[in-house]
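Written out below as structure tokens is the structure these notes cover.
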Amino acid sequence: MAFTPYSRVALVTGVGRADGIGFEVCRQLARQPMTVLLSARTLEKAKPLATLLQREGLDVRPYAVSVTSPPSVQQLLGHIRRDFGQLDILVNNAASPARQGEQVATANLSHAHSMMEATLYGTWQLCQVLLPLLRKSAFGRIVNVSSGAGSHDDDAFGLHSDNQMGISYAIAKAALNALTSRLAHEESTDTLRINAVCPGFTASFAGGAELGGRPVADGAASIVWAALIDNDGPTGGFFRDGQRLPW
Ligand SMILES: NC(=O)c1ccc[n+]([C@@H]2O[C@H](COP(=O)([O-])OP(=O)(O)OC[C@H]3O[C@@H](n4cnc5c(N)ncnc54)[C@H](OP(=O)(O)O)[C@@H]3O)[C@@H](O)[C@H]2O)c1
């Protein structure tokens with residue numbers, strides 16, 4: 001599919017499977033007049049997923065990036081510059097999975113470190129490397145996919161609830177929220193909007209619906225809302241379904 005210069009280009013990270021939230025975010029974004037770069041850790045993983053969406057008539061292209069690898073992120077930047085010369089929307093969806101039942105007092109700290117690597121530092125690195133392109137866009141958006149688990153006041157899932165999601169995951173998402181807030185403060189312009197979004201408890205894993213998870217399309221829509229907000233929309237906030245969540 002030919003790329004029309006000046007149409008929007010969106011990148012979604014961590015799209016490793018067809019039943020994950022990132023894949024559905026790619027689909028919903030590509031239904032807009034937009035080219036979507038579907039990225040997974042490897043091109044071998046990304047290609048068949050992009051092909052599935054291309055068969056729906058959507059302009060989705062496969063890319064590889066491991067968000068924890070500086071050379072891989074630099075290589076991605078080179079490819080985006082070569083292929084499009086622009087980036088308008090960055091959805092930082094990649095994250096390590098939660099480890100159920102983990103507590104602060106007994107958590108395995110090497111697991112906690114690797115959680116921070118993907119969820120916090122991976123996102124941080126993508127933001128640093130891609131900001132020069134996003135700043136040039138007339139419609140620059142960064143959406144950091146967070147979780148109510150990282151909120152101090154989300155009664156259902158937050159840090160002060162009895163949710164057993166795993167504390168490394170929750171603390172990494174809380175740090176991601178802090179990164180989002182600070183970055184939005186530093187990048188305060190008329191054209192950049194930078195927000196953290198929780199997709200809500202979403203049935204993106206086996207047995208998720210039976211546990212009360214909502215459809216993946218709904219979780220993805222929560223994220224897509226922030227990717228498409230107008231230039232006069234909020235920046236530096238934390239949202240689920242377009243509603244503010246407490247930090
Ligand atoms: N499902 C929920 O209820 C829920 C609730 C709140 C927030 N979220 C957030 O929503 C996002 C999507 O979640 P999901 O449920 O669709 O689960 P998921 O499949 O685990 O999504 C995370 C993706 O990140 C990728 N990833 C991990 N480390 C990476 C790295 N270093 N480089 C590139 N990609 C990497 C994984 O790739 P591999 O497959 O290759 O490991 C995986 O595809 C995550 O940020 C998650 O924390 C989910």
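Chains: A, B, ... in order of the structure tokens. Residues: from 1 per chain. Ligands: from 1, in order shown.
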
Determine, for each residue of chain A having at least one atom at most 7 Å from an atom of ligand 1, the closest pair of atoms and their separation in Å to one decimal, counting only C-alpha atoms and all ligand atoms; order by chain and ascending number, as a Markdown table.
```
| residue | atom | partner | partner_atom_place_in_ligand_line | distance |
| --- | --- | --- | --- | --- |
| A:Thr13 | CA | ligand 1 | 34 (N) | 6.1 |
| A:Gly14 | CA | ligand 1 | 34 (N) | 3.6 |
| A:Val15 | CA | ligand 1 | 43 (O) | 4.7 |
| A:Gly16 | CA | ligand 1 | 43 (O) | 3.5 |
| A:Arg17 | CA | ligand 1 | 43 (O) | 5.9 |
| A:Gly20 | CA | ligand 1 | 16 (O) | 3.5 |
| A:Ile21 | CA | ligand 1 | 16 (O) | 3.8 |
| A:Gly22 | CA | ligand 1 | 16 (O) | 5.6 |
| A:Ala40 | CA | ligand 1 | 34 (N) | 5.5 |
| A:Arg41 | CA | ligand 1 | 33 (C) | 4.5 |
| A:Val65 | CA | ligand 1 | 33 (C) | 5.8 |
| A:Ser66 | CA | ligand 1 | 32 (N) | 3.4 |
| A:Val67 | CA | ligand 1 | 32 (N) | 4.0 |
| A:Thr68 | CA | ligand 1 | 31 (N) | 4.6 |
| A:Asn93 | CA | ligand 1 | 45 (O) | 4.5 |
| A:Ala94 | CA | ligand 1 | 24 (O) | 3.3 |
| A:Ala95 | CA | ligand 1 | 24 (O) | 4.4 |
| A:Ser96 | CA | ligand 1 | 27 (C) | 4.8 |
| A:Pro97 | CA | ligand 1 | 20 (O) | 5.1 |
| A:Ala118 | CA | ligand 1 | 31 (N) | 5.0 |
| A:Gly122 | CA | ligand 1 | 31 (N) | 6.7 |
| A:Val145 | CA | ligand 1 | 45 (O) | 5.0 |
| A:Ser146 | CA | ligand 1 | 7 (C) | 5.3 |
| A:Ser147 | CA | ligand 1 | 6 (C) | 4.1 |
| A:Gly148 | CA | ligand 1 | 6 (C) | 6.6 |
| A:Cys198 | CA | ligand 1 | 6 (C) | 5.3 |
| A:Pro199 | CA | ligand 1 | 6 (C) | 5.3 |
| A:Gly200 | CA | ligand 1 | 5 (C) | 5.1 |
| A:Phe201 | CA | ligand 1 | 3 (O) | 3.6 |
| A:Thr202 | CA | ligand 1 | 3 (O) | 3.7 |
| A:Ala203 | CA | ligand 1 | 1 (N) | 6.0 |
| A:Ser204 | CA | ligand 1 | 15 (O) | 4.7 |
| A:Phe205 | CA | ligand 1 | 15 (O) | 6.5 |
| A:Gly213 | CA | ligand 1 | 3 (O) | 6.6 |
```

So that I can see what lies close to stretch 71-74 of chain A, please list as a PyMOL selection string the residues with an atom at most 12 Å from it, counting only C-alpha atoms and leaving out residues fewer than 5 positions away in the same chain. chain A and resi 13+39-43+63-66+79-81+122-130

Write a file of the just-selected residues containing C-alpha atoms, as a PDB file, in the first residue's frame.
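File produced: result.pdb:
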```pdb
ATOM      1  CA  THR A  13       4.867  -1.162  20.502  1.00  0.00           C
ATOM      2  CA  SER A  39       5.769  -3.440  16.052  1.00  0.00           C
ATOM      3  CA  ALA A  40       6.767  -6.586  17.884  1.00  0.00           C
ATOM      4  CA  ARG A  41      10.122  -7.706  19.265  1.00  0.00           C
ATOM      5  CA  THR A  42      10.956  -9.316  15.911  1.00  0.00           C
ATOM      6  CA  LEU A  43       9.840  -8.833  12.320  1.00  0.00           C
ATOM      7  CA  TYR A  63       8.269  -3.292  12.217  1.00  0.00           C
ATOM      8  CA  ALA A  64      10.604  -4.764  14.814  1.00  0.00           C
ATOM      9  CA  VAL A  65      11.594  -3.152  18.061  1.00  0.00           C
ATOM     10  CA  SER A  66      12.646  -4.510  21.401  1.00  0.00           C
ATOM     11  CA  HIS A  79      13.525   2.851   9.484  1.00  0.00           C
ATOM     12  CA  ILE A  80      10.777   5.356  10.314  1.00  0.00           C
ATOM     13  CA  ARG A  81      12.907   8.225   8.972  1.00  0.00           C
ATOM     14  CA  GLY A 122      11.568   0.884  27.551  1.00  0.00           C
ATOM     15  CA  THR A 123       8.861   3.535  27.295  1.00  0.00           C
ATOM     16  CA  TRP A 124      11.262   6.244  28.447  1.00  0.00           C
ATOM     17  CA  GLN A 125      13.749   5.286  25.755  1.00  0.00           C
ATOM     18  CA  LEU A 126      11.129   5.223  22.989  1.00  0.00           C
ATOM     19  CA  CYS A 127       9.985   8.680  24.085  1.00  0.00           C
ATOM     20  CA  GLN A 128      13.521  10.079  24.080  1.00  0.00           C
ATOM     21  CA  VAL A 129      14.413   8.685  20.683  1.00  0.00           C
ATOM     22  CA  LEU A 130      11.129   9.491  18.923  1.00  0.00           C
TER      23      LEU A 130
END
```

Which of stretch 37-122 of chain A end up as alpha helix (DSSP H) when DSSP is run on this backbone - answer as JSON, numbers by chain? {"A": [43, 44, 45, 46, 47, 48, 49, 50, 51, 52, 53, 54, 70, 71, 72, 73, 74, 75, 76, 77, 78, 79, 80, 81, 82, 83, 109, 110, 111, 112, 113, 114, 115, 116]}

Could you turn the residues from that selection into a file that holds C-alpha atoms, as a JSON list (two decimals), in the first residue's frame?
```json
[["chain", "number", "residue", "atom", "x", "y", "z"],
["A", 43, "LEU", "CA", 9.84, -8.83, 12.32],
["A", 44, "GLU", "CA", 8.97, -12.54, 12.19],
["A", 45, "LYS", "CA", 6.39, -11.88, 14.90],
["A", 46, "ALA", "CA", 5.10, -8.61, 13.44],
["A", 47, "LYS", "CA", 4.69, -9.67, 9.81],
["A", 48, "PRO", "CA", 1.87, -12.22, 10.10],
["A", 49, "LEU", "CA", -0.01, -9.91, 12.49],
["A", 50, "ALA", "CA", 0.27, -6.97, 10.09],
["A", 51, "THR", "CA", -0.86, -9.25, 7.26],
["A", 52, "LEU", "CA", -4.05, -10.09, 9.19],
["A", 53, "LEU", "CA", -4.95, -6.40, 9.36],
["A", 54, "GLN", "CA", -3.88, -5.71, 5.77],
["A", 70, "PRO", "CA", 18.99, 0.73, 22.54],
["A", 71, "PRO", "CA", 20.36, -0.51, 19.16],
["A", 72, "SER", "CA", 16.94, -1.90, 18.26],
["A", 73, "VAL", "CA", 15.23, 1.42, 19.11],
["A", 74, "GLN", "CA", 17.83, 3.37, 17.08],
["A", 75, "GLN", "CA", 17.33, 0.99, 14.16],
["A", 76, "LEU", "CA", 13.56, 1.57, 14.34],
["A", 77, "LEU", "CA", 14.12, 5.34, 14.28],
["A", 78, "GLY", "CA", 16.25, 4.91, 11.15],
["A", 79, "HIS", "CA", 13.52, 2.85, 9.48],
["A", 80, "ILE", "CA", 10.78, 5.36, 10.31],
["A", 81, "ARG", "CA", 12.91, 8.22, 8.97],
["A", 82, "ARG", "CA", 13.72, 6.26, 5.81],
["A", 83, "ASP", "CA", 10.16, 5.03, 5.15],
["A", 109, "LEU", "CA", 13.92, -8.19, 42.91],
["A", 110, "SER", "CA", 15.39, -9.46, 39.67],
["A", 111, "HIS", "CA", 11.81, -9.83, 38.43],
["A", 112, "ALA", "CA", 11.07, -6.31, 39.69],
["A", 113, "HIS", "CA", 14.09, -5.00, 37.76],
["A", 114, "SER", "CA", 13.00, -6.67, 34.52],
["A", 115, "MET", "CA", 9.50, -5.28, 35.00],
["A", 116, "MET", "CA", 10.94, -1.77, 35.22]]
```

Give me, as a tab-separated table, the closest atom pair and its distance (Å, one decimal) for every residue of stretch 85-156 of chain A within a cut-off of 10 Å of stretch 222-238 of chain A, counting only C-alpha atoms, rows sorted by chain and rising number.
```
residue	atom	partner	partner_atom	distance
A:Asp88	CA	A:Ala227	CA	9.4
A:Ile89	CA	A:Ala227	CA	6.5
A:Leu90	CA	A:Ala227	CA	8.0
A:Val91	CA	A:Ala227	CA	7.5
A:Asn93	CA	A:Ile223	CA	9.3
A:Ala138	CA	A:Asn231	CA	8.7
A:Phe139	CA	A:Asn231	CA	6.9
A:Gly140	CA	A:Asn231	CA	8.6
A:Arg141	CA	A:Ala227	CA	5.8
A:Ile142	CA	A:Ala227	CA	7.0
A:Val143	CA	A:Ala227	CA	6.2
A:Asn144	CA	A:Ile223	CA	8.6
A:Val145	CA	A:Ile223	CA	7.2
A:Ser146	CA	A:Phe238	CA	8.3
A:Ser147	CA	A:Phe238	CA	9.3
A:Gly148	CA	A:Phe238	CA	9.2
A:Ser151	CA	A:Phe238	CA	9.2
```

Just C-alpha atoms for this one: save the residues we selected as a PDB file, in the first residue's frame.
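Listing of part_35.pdb after writing:
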```
ATOM      1  CA  ASP A  88       2.577  11.529  14.717  1.00  0.00           C
ATOM      2  CA  ILE A  89       1.367   9.024  17.303  1.00  0.00           C
ATOM      3  CA  LEU A  90       3.354   6.786  19.654  1.00  0.00           C
ATOM      4  CA  VAL A  91       1.465   4.193  21.692  1.00  0.00           C
ATOM      5  CA  ASN A  93       1.913  -0.597  24.815  1.00  0.00           C
ATOM      6  CA  ALA A 138       1.105  19.159  13.882  1.00  0.00           C
ATOM      7  CA  PHE A 139      -0.669  16.361  15.819  1.00  0.00           C
ATOM      8  CA  GLY A 140       1.874  14.708  18.139  1.00  0.00           C
ATOM      9  CA  ARG A 141       0.507  12.167  20.595  1.00  0.00           C
ATOM     10  CA  ILE A 142       2.142   9.885  23.152  1.00  0.00           C
ATOM     11  CA  VAL A 143      -0.068   7.371  24.922  1.00  0.00           C
ATOM     12  CA  ASN A 144       1.588   5.392  27.686  1.00  0.00           C
ATOM     13  CA  VAL A 145      -0.452   2.290  28.383  1.00  0.00           C
ATOM     14  CA  SER A 146      -0.687   2.183  32.143  1.00  0.00           C
ATOM     15  CA  SER A 147      -2.962   0.474  34.644  1.00  0.00           C
ATOM     16  CA  GLY A 148      -5.229   1.337  37.530  1.00  0.00           C
ATOM     17  CA  SER A 151      -2.979   4.321  41.023  1.00  0.00           C
TER      18      SER A 151
END
```

Expressed in Å, the length from atom CA of A:Ala221 to atom CA of A:Leu38 is 16.5 Å

Step one, run DSSP on the backbone; step two, keep only residues of stretch 39-246 of chain A assigned to strand (DSSP E); then write them as a VMD selection string. chain A and resid 39 to 40 60 to 64 89 to 92 140 to 145 192 to 197 238 to 240 243 to 244

Quick one: residues within 10 Å of A:Ala175, only C-alpha atoms counted, chain neighbours fewer than 6 positions away excluded, as an NGL selection string? :A and (116 or 119-121 or 146 or 150 or 169 or 181)

Please produce an output containing C-alpha atoms for each residue in the selection, written as a PDB file, in the first residue's frame.
```
ATOM      1  CA  MET A 116      10.939  -1.767  35.222  1.00  0.00           C
ATOM      2  CA  THR A 119       7.476  -0.965  31.318  1.00  0.00           C
ATOM      3  CA  LEU A 120       9.340   2.135  32.486  1.00  0.00           C
ATOM      4  CA  TYR A 121      12.751   2.373  30.842  1.00  0.00           C
ATOM      5  CA  SER A 146      -0.687   2.183  32.143  1.00  0.00           C
ATOM      6  CA  GLY A 150      -0.432   1.865  39.600  1.00  0.00           C
ATOM      7  CA  TYR A 169       3.750  -4.511  37.865  1.00  0.00           C
ATOM      8  CA  SER A 181       3.187  13.573  34.045  1.00  0.00           C
TER       9      SER A 181
END
```

Given only C-alpha atoms as the counted atoms, nearest of A:Val9, A:Leu211, A:Ala149, A:Met1 to A:Trp247: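 Of all the options, A:Ala149 lies closest to A:Trp247.
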
Give me, please, the distance in Å between atom CA of A:His152 and atom CA of A:Arg193, quoted to one decimal.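 These two atoms are separated by 23.4 Å.
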
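Across the structure, atom CA of A:Ala98 and atom CA of A:Phe239 are spaced 20.2 Å apart.
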
Non-local contacts of A:Arg31 (12 Å; only C-alpha atoms; under 2 positions in same chain excluded) as a list of chain:residue names: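 The residues that qualify are A:Arg8, A:Ala10, A:Glu24, A:Val25, A:Cys26, A:Arg27, A:Gln28, A:Leu29, A:Pro33, A:Met34, A:Thr35, A:Val36, A:Leu53, A:Gln54, A:Glu56, A:Gly57, A:Leu58, A:Asp59, A:Val60, A:Val224, A:Leu228.
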
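If you measure from each of A:Asn108, A:Thr189, A:Gln103, A:Thr180 to A:Leu159 using only C-alpha atoms, the closest one turns out to be A:Gln103.
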